[in-house]
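> Structure file data.pdb, PDB, C-alpha atoms, is pasted below:
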ATOM      1  CA  MET A   1       9.145 -14.700  25.505  1.00  0.00           C
ATOM      2  CA  LYS A   2      11.520 -16.817  23.413  1.00  0.00           C
ATOM      3  CA  GLN A   3       9.973 -15.570  20.157  1.00  0.00           C
ATOM      4  CA  LYS A   4      10.449 -11.920  21.175  1.00  0.00           C
ATOM      5  CA  THR A   5      14.089 -12.656  21.934  1.00  0.00           C
ATOM      6  CA  GLU A   6      14.543 -14.045  18.415  1.00  0.00           C
ATOM      7  CA  ILE A   7      12.921 -10.944  16.942  1.00  0.00           C
ATOM      8  CA  ASP A   8      15.167  -8.704  19.025  1.00  0.00           C
ATOM      9  CA  LYS A   9      18.200 -10.601  17.712  1.00  0.00           C
ATOM     10  CA  LEU A  10      17.059  -9.984  14.137  1.00  0.00           C
ATOM     11  CA  TRP A  11      16.663  -6.250  14.805  1.00  0.00           C
ATOM     12  CA  VAL A  12      20.139  -6.094  16.324  1.00  0.00           C
ATOM     13  CA  GLU A  13      21.531  -8.070  13.390  1.00  0.00           C
ATOM     14  CA  ILE A  14      20.110  -5.756  10.744  1.00  0.00           C
ATOM     15  CA  GLU A  15      20.933  -2.612  12.734  1.00  0.00           C
ATOM     16  CA  SER A  16      24.557  -3.746  13.055  1.00  0.00           C
ATOM     17  CA  ILE A  17      24.921  -3.385   9.275  1.00  0.00           C
ATOM     18  CA  LYS A  18      25.950   0.245   8.944  1.00  0.00           C
ATOM     19  CA  ASN A  19      25.787   0.493   5.143  1.00  0.00           C
ATOM     20  CA  LEU A  20      22.238   1.157   3.835  1.00  0.00           C
ATOM     21  CA  GLU A  21      22.934  -0.535   0.491  1.00  0.00           C
ATOM     22  CA  GLU A  22      24.014  -3.689   2.312  1.00  0.00           C
ATOM     23  CA  ARG A  23      20.769  -3.661   4.318  1.00  0.00           C
ATOM     24  CA  VAL A  24      18.722  -3.313   1.134  1.00  0.00           C
ATOM     25  CA  ILE A  25      20.699  -6.146  -0.472  1.00  0.00           C
ATOM     26  CA  LEU A  26      20.159  -8.328   2.614  1.00  0.00           C
ATOM     27  CA  ILE A  27      16.365  -7.878   2.553  1.00  0.00           C
ATOM     28  CA  HIS A  28      16.191  -8.270  -1.239  1.00  0.00           C
ATOM     29  CA  ARG A  29      18.197 -11.486  -1.086  1.00  0.00           C
ATOM     30  CA  ASP A  30      16.053 -12.738   1.812  1.00  0.00           C
ATOM     31  CA  ILE A  31      12.964 -12.286  -0.379  1.00  0.00           C
ATOM     32  CA  THR A  32      14.371 -13.564  -3.678  1.00  0.00           C
ATOM     33  CA  ASP A  33      15.930 -16.629  -2.038  1.00  0.00           C
ATOM     34  CA  ASN A  34      12.522 -17.241  -0.397  1.00  0.00           C
ATOM     35  CA  LYS A  35      14.090 -17.510   3.055  1.00  0.00           C
ATOM     36  CA  LYS A  36      11.944 -14.727   4.513  1.00  0.00           C
ATOM     37  CA  ARG A  37      13.988 -14.740   7.693  1.00  0.00           C
ATOM     38  CA  TYR A  38      13.378 -11.015   8.239  1.00  0.00           C
ATOM     39  CA  LYS A  39       9.691 -11.067   7.275  1.00  0.00           C
ATOM     40  CA  VAL A  40       8.772 -11.047  10.959  1.00  0.00           C
ATOM     41  CA  LEU A  41      10.398  -7.609  11.247  1.00  0.00           C
ATOM     42  CA  ALA A  42       8.178  -6.260   8.459  1.00  0.00           C
ATOM     43  CA  GLU A  43       5.155  -7.707  10.257  1.00  0.00           C
ATOM     44  CA  GLU A  44       6.125  -6.498  13.738  1.00  0.00           C
ATOM     45  CA  ASP A  45       7.226  -2.958  12.915  1.00  0.00           C
ATOM     46  CA  PRO A  46       7.173  -2.161   9.185  1.00  0.00           C
ATOM     47  CA  TYR A  47       7.935   1.523   9.742  1.00  0.00           C
ATOM     48  CA  ARG A  48      11.092   0.718  11.691  1.00  0.00           C
ATOM     49  CA  LEU A  49      12.246  -1.592   8.893  1.00  0.00           C
ATOM     50  CA  PHE A  50      11.404   1.093   6.320  1.00  0.00           C
ATOM     51  CA  GLU A  51      13.583   3.614   8.154  1.00  0.00           C
ATOM     52  CA  LEU A  52      16.419   1.115   8.637  1.00  0.00           C
ATOM     53  CA  LEU A  53      16.467   0.644   4.874  1.00  0.00           C
ATOM     54  CA  GLY A  54      16.787   4.399   4.327  1.00  0.00           C
ATOM     55  CA  GLY A  55      13.131   5.175   3.708  1.00  0.00           C
ATOM     56  CA  ASP A  56      11.757   8.691   4.076  1.00  0.00           C
ATOM     57  CA  ASP A  57       7.982   9.129   4.257  1.00  0.00           C
ATOM     58  CA  SER A  58       8.234  12.745   3.085  1.00  0.00           C
ATOM     59  CA  GLU A  59       9.094  11.438  -0.393  1.00  0.00           C
ATOM     60  CA  LEU A  60       6.033   9.252  -0.992  1.00  0.00           C
ATOM     61  CA  LEU A  61       4.368   9.131  -4.392  1.00  0.00           C
ATOM     62  CA  LYS A  62       0.674   9.562  -3.550  1.00  0.00           C
ATOM     63  CA  THR A  63      -2.219   7.967  -5.413  1.00  0.00           C
ATOM     64  CA  ASN A  64      -5.958   8.677  -5.106  1.00  0.00           C
ATOM     65  CA  TRP A  65      -8.380   5.764  -5.416  1.00  0.00           C
ATOM     66  CA  ALA A  66     -12.107   6.161  -6.042  1.00  0.00           C
ATOM     67  CA  PHE A  67     -14.349   3.455  -4.649  1.00  0.00           C
ATOM     68  CA  GLU A  68     -16.356   1.713  -7.350  1.00  0.00           C
ATOM     69  CA  TYR A  69     -19.810   3.216  -7.783  1.00  0.00           C
ATOM     70  CA  THR A  70     -21.960   0.768  -9.686  1.00  0.00           C
ATOM     71  CA  TYR A  71     -25.184   1.302 -11.563  1.00  0.00           C
ATOM     72  CA  GLU A  72     -26.903  -0.907  -8.992  1.00  0.00           C
ATOM     73  CA  GLU A  73     -25.738   1.381  -6.165  1.00  0.00           C
ATOM     74  CA  TYR A  74     -26.898   4.414  -8.126  1.00  0.00           C
ATOM     75  CA  ILE A  75     -30.465   3.164  -8.698  1.00  0.00           C
ATOM     76  CA  GLU A  76     -30.724   2.020  -5.090  1.00  0.00           C
ATOM     77  CA  GLU A  77     -29.470   5.333  -3.726  1.00  0.00           C
ATOM     78  CA  TYR A  78     -31.856   7.420  -5.851  1.00  0.00           C
ATOM     79  CA  ASP A  79     -34.707   4.890  -5.758  1.00  0.00           C
ATOM     80  CA  ILE A  80     -34.808   4.712  -9.559  1.00  0.00           C
ATOM     81  CA  ASP A  81     -36.234   1.852 -11.596  1.00  0.00           C
ATOM     82  CA  TYR A  82     -33.759  -0.384 -13.356  1.00  0.00           C
ATOM     83  CA  ASP A  83     -33.119   0.467 -17.006  1.00  0.00           C
ATOM     84  CA  SER A  84     -31.029  -1.981 -19.044  1.00  0.00           C
ATOM     85  CA  VAL A  85     -30.071   0.704 -21.595  1.00  0.00           C
ATOM     86  CA  GLU A  86     -28.832   3.014 -18.840  1.00  0.00           C
ATOM     87  CA  GLU A  87     -26.895   0.150 -17.254  1.00  0.00           C
ATOM     88  CA  ILE A  88     -25.110  -0.516 -20.560  1.00  0.00           C
ATOM     89  CA  LYS A  89     -24.202   3.183 -20.844  1.00  0.00           C
ATOM     90  CA  TRP A  90     -22.938   3.307 -17.233  1.00  0.00           C
ATOM     91  CA  ASP A  91     -19.224   4.192 -17.217  1.00  0.00           C
ATOM     92  CA  LEU A  92     -17.970   2.688 -13.960  1.00  0.00           C
ATOM     93  CA  GLU A  93     -14.664   4.581 -13.956  1.00  0.00           C
ATOM     94  CA  GLU A  94     -16.153   7.959 -14.810  1.00  0.00           C
ATOM     95  CA  LYS A  95     -19.069   7.640 -12.384  1.00  0.00           C
ATOM     96  CA  SER A  96     -16.837   6.385  -9.567  1.00  0.00           C
ATOM     97  CA  ILE A  97     -14.469   9.332  -9.929  1.00  0.00           C
ATOM     98  CA  GLU A  98     -17.392  11.783 -10.148  1.00  0.00           C
ATOM     99  CA  ARG A  99     -18.831  10.249  -6.995  1.00  0.00           C
ATOM    100  CA  ALA A 100     -15.498  10.561  -5.173  1.00  0.00           C
ATOM    101  CA  HIS A 101     -15.331  14.265  -6.034  1.00  0.00           C
ATOM    102  CA  GLU A 102     -18.973  14.870  -5.125  1.00  0.00           C
ATOM    103  CA  THR A 103     -18.734  13.176  -1.737  1.00  0.00           C
ATOM    104  CA  GLY A 104     -15.118  14.062  -0.959  1.00  0.00           C
ATOM    105  CA  HIS A 105     -14.600  10.419  -0.050  1.00  0.00           C
ATOM    106  CA  TRP A 106     -11.754   8.413  -1.575  1.00  0.00           C
ATOM    107  CA  TYR A 107      -8.769   6.332  -0.504  1.00  0.00           C
ATOM    108  CA  VAL A 108      -5.211   7.697  -0.601  1.00  0.00           C
ATOM    109  CA  THR A 109      -2.043   5.635  -0.647  1.00  0.00           C
ATOM    110  CA  GLY A 110       1.612   6.515  -0.915  1.00  0.00           C
ATOM    111  CA  THR A 111       4.417   4.439  -2.385  1.00  0.00           C
ATOM    112  CA  SER A 112       8.116   4.463  -1.657  1.00  0.00           C
ATOM    113  CA  ILE A 113      10.545   2.425  -3.709  1.00  0.00           C
ATOM    114  CA  LEU A 114      13.884   1.992  -2.004  1.00  0.00           C
ATOM    115  CA  LYS A 115      16.621   1.406  -4.532  1.00  0.00           C
ATOM    116  CA  GLY A 116      19.785  -0.610  -4.193  1.00  0.00           C
ATOM    117  CA  PRO A 117      22.614  -1.581  -6.510  1.00  0.00           C
ATOM    118  CA  ASN A 118      22.026  -3.646  -9.664  1.00  0.00           C
ATOM    119  CA  GLY A 119      18.418  -2.529 -10.068  1.00  0.00           C
ATOM    120  CA  ILE A 120      17.261  -3.738  -6.648  1.00  0.00           C
ATOM    121  CA  GLU A 121      13.948  -2.182  -5.586  1.00  0.00           C
ATOM    122  CA  LEU A 122      12.017  -2.670  -2.363  1.00  0.00           C
ATOM    123  CA  GLU A 123       8.489  -1.231  -2.331  1.00  0.00           C
ATOM    124  CA  PHE A 124       6.588  -0.029   0.706  1.00  0.00           C
ATOM    125  CA  GLU A 125       2.993   1.185   0.496  1.00  0.00           C
ATOM    126  CA  PHE A 126       1.397   3.552   2.997  1.00  0.00           C
ATOM    127  CA  GLU A 127      -2.180   4.571   3.630  1.00  0.00           C
ATOM    128  CA  PHE A 128      -3.496   7.972   4.573  1.00  0.00           C
ATOM    129  CA  CYS A 129      -6.523   8.875   6.658  1.00  0.00           C
ATOM    130  CA  GLU A 130      -8.026  12.352   6.440  1.00  0.00           C
ATOM    131  CA  GLY A 131      -4.820  13.616   4.852  1.00  0.00           C
ATOM    132  CA  TYR A 132      -2.459  12.173   7.440  1.00  0.00           C
ATOM    133  CA  LEU A 133      -0.094   9.225   7.186  1.00  0.00           C
ATOM    134  CA  ASP A 134      -1.829   6.322   8.900  1.00  0.00           C
ATOM    135  CA  GLY A 135       0.604   3.446   8.494  1.00  0.00           C
ATOM    136  CA  ILE A 136       2.234   0.956   6.197  1.00  0.00           C
ATOM    137  CA  ILE A 137      -0.092  -1.440   4.381  1.00  0.00           C
ATOM    138  CA  GLY A 138       2.462  -3.104   2.131  1.00  0.00           C
ATOM    139  CA  THR A 139       6.075  -4.175   2.498  1.00  0.00           C
ATOM    140  CA  PRO A 140       8.487  -5.913   0.133  1.00  0.00           C
ATOM    141  CA  TYR A 141       7.360  -9.164   1.772  1.00  0.00           C
ATOM    142  CA  ASN A 142       3.750  -8.785   0.615  1.00  0.00           C
ATOM    143  CA  GLU A 143       4.123  -6.946  -2.691  1.00  0.00           C
ATOM    144  CA  ALA A 144       1.237  -8.832  -4.294  1.00  0.00           C
ATOM    145  CA  ALA A 145      -1.149  -6.819  -2.124  1.00  0.00           C
ATOM    146  CA  HIS A 146       0.167  -3.437  -3.348  1.00  0.00           C
ATOM    147  CA  GLY A 147      -1.456  -1.128  -5.770  1.00  0.00           C
ATOM    148  CA  ASN A 148      -5.050  -1.826  -6.715  1.00  0.00           C
ATOM    149  CA  HIS A 149      -7.457  -0.201  -4.266  1.00  0.00           C
ATOM    150  CA  GLY A 150     -10.209   0.907  -6.620  1.00  0.00           C
ATOM    151  CA  ILE A 151     -10.097   3.283  -9.564  1.00  0.00           C
ATOM    152  CA  GLU A 152      -6.989   5.454  -9.755  1.00  0.00           C
ATOM    153  CA  PHE A 153      -7.452   9.171 -10.434  1.00  0.00           C
ATOM    154  CA  ASP A 154      -5.687  12.507 -10.040  1.00  0.00           C
TER     155      ASP A 154
END
Give the structure from the file, written as structure tokens.

Amino acid sequence: MKQKTEIDKLWVEIESIKNLEERVILIHRDITDNKKRYKVLAEEDPYRLFELLGGDDSELLKTNWAFEYTYEEYIEEYDIDYDSVEEIKWDLEEKSIERAHETGHWYVTGTSILKGPNGIELEFEFEFCEGYLDGIIGTPYNEAAHGNHGIEFD
């Protein structure tokens, strides 16, 4: 129970800052100074933190990601004999995007970059499932995990 109390104190602390820019600065400084005091808030309830920093999920920049479709998967799926010449000609990006369109199966993410003074940016990444927002998969505390989910396409 003690840990929850500490988390509650952090929520109260950040919510007591009425100015959105100051909240953004606080989180940015927490990350750049490598203190990561508020990281637990991003882990416990990333959407709440996103909103407290002025985020709006209606303004997400969406990206479509095709899953890689390799030559090996192709020959296995169609029970075709391996052909080294065909493998060399295989265009992974093109075939993966074609496959995504044919099957109607791809991954969709959305990105929101919250801006603060002096060029401060805090990035949140969302995932979608069947066209609906499904949750946050990346916060400013784990930015290294953002972005590459396959082959990007329009």
> Set the distance at 10 Å and use all atoms listed in the file: which residues neighbour segment 133-135 of chain A once local chain neighbours fewer than 5 positions away are removed? I'd like the list as a list in words.
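Skipping anything fewer than 5 positions along the chain leaves Pro46, Tyr47, Asp57, Ser58, Val108, Thr109, Gly110, Glu125, Phe126, Glu127 and Phe128 of chain A.
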> Can you translate the PyMOL selection byres ((chain A and resi 43) around 12) into the concrete residues it hits in this file, as a list of chain:residue names?
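For this structure, the PyMOL selection byres ((chain A and resi 43) around 12) captures A:Ile7, A:Lys36, A:Arg37, A:Tyr38, A:Lys39, A:Val40, A:Leu41, A:Ala42, A:Glu44, A:Asp45, A:Pro46, A:Tyr47, A:Arg48, A:Leu49, A:Phe50, A:Ile136, A:Ile137, A:Gly138, A:Thr139, A:Pro140, A:Tyr141, A:Asn142.
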> Please determine, counting only C-alpha atoms, which residue among A:Ser96, A:Ser84, A:Thr70, A:Thr63 has the shortest atom-to-atom distance to Gly147 of chain A.
A:Thr63
> Neighbouring residues of segment 74-80 of chain A were defined as those with any atom within 12 Å, considering all atoms listed in the file; residues of the same chain fewer than 6 positions away were excluded. Please report them as a ChimeraX atom specification.
/A:68,86-87,90-92,95-96,99
> Kindly compute an axis-aligned box around the listed atoms of segment 93-104 of chain A, allowing 8 Å on each side, and express its centre and edge lengths in Å to one decimal as AutoDock Vina command-line options.

--center_x -16.8 --center_y 9.7 --center_z -7.9 --size_x 20.6 --size_y 26.3 --size_z 29.9
> So which residues get picked by the PyMOL selection byres ((chain A and resi 118) around 12) here, written as a PyMOL selection string?
chain A and resi 21+24-25+28+115-117+119-121
> Would you please work out which residue, of A:Leu114, A:Glu143, A:Glu15, A:His101, is nearest to Asn64 of chain A when using all atoms listed in the file?
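Residue with the minimum atom-to-atom distance to Asn64 of chain A: A:His101.
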> Between A:Ile113, A:Tyr82, A:Tyr107, A:Leu122, which has the minimum distance to Leu26 of chain A (counting all atoms listed in the file)?
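Of A:Ile113, A:Tyr82, A:Tyr107, A:Leu122, the one nearest Leu26 of chain A is A:Leu122, counting all atoms listed in the file.
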> Rounded to one decimal place, report the atom CA of Lys89 of chain A-atom CA of Phe153 of chain A distance in Å.
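Between these atoms lies a distance of 20.6 Å.
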> Using all atoms listed in the file, can you tell me which of A:Ile88, A:Leu20, A:Gly131, A:Thr103 comes closest to Glu51 of chain A?
A:Leu20
> By how many Å are atom CA of Val85 of chain A and atom CA of Ile151 of chain A apart?
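Atom CA of Ile151 of chain A lies 23.5 Å from atom CA of Val85 of chain A.
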> Would you mind reading off the distance between atom CA of Phe67 of chain A and atom CA of Tyr132 of chain A, one decimal, in Å?
19.1 Å
> For His105 of chain A, which residue out of A:Phe124, A:Tyr71, A:Trp11, A:Trp65 is the nearest one, using only C-alpha atoms?
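Using only C-alpha atoms, the shortest distance to His105 of chain A belongs to A:Trp65.
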> Distance cut-off 7 Å, centre (6.7, 8.3, -6.0) in file coordinates, counting all atoms listed in the file: which residues qualify? Return them as a PyMOL selection string.
chain A and resi 59-62+111-112
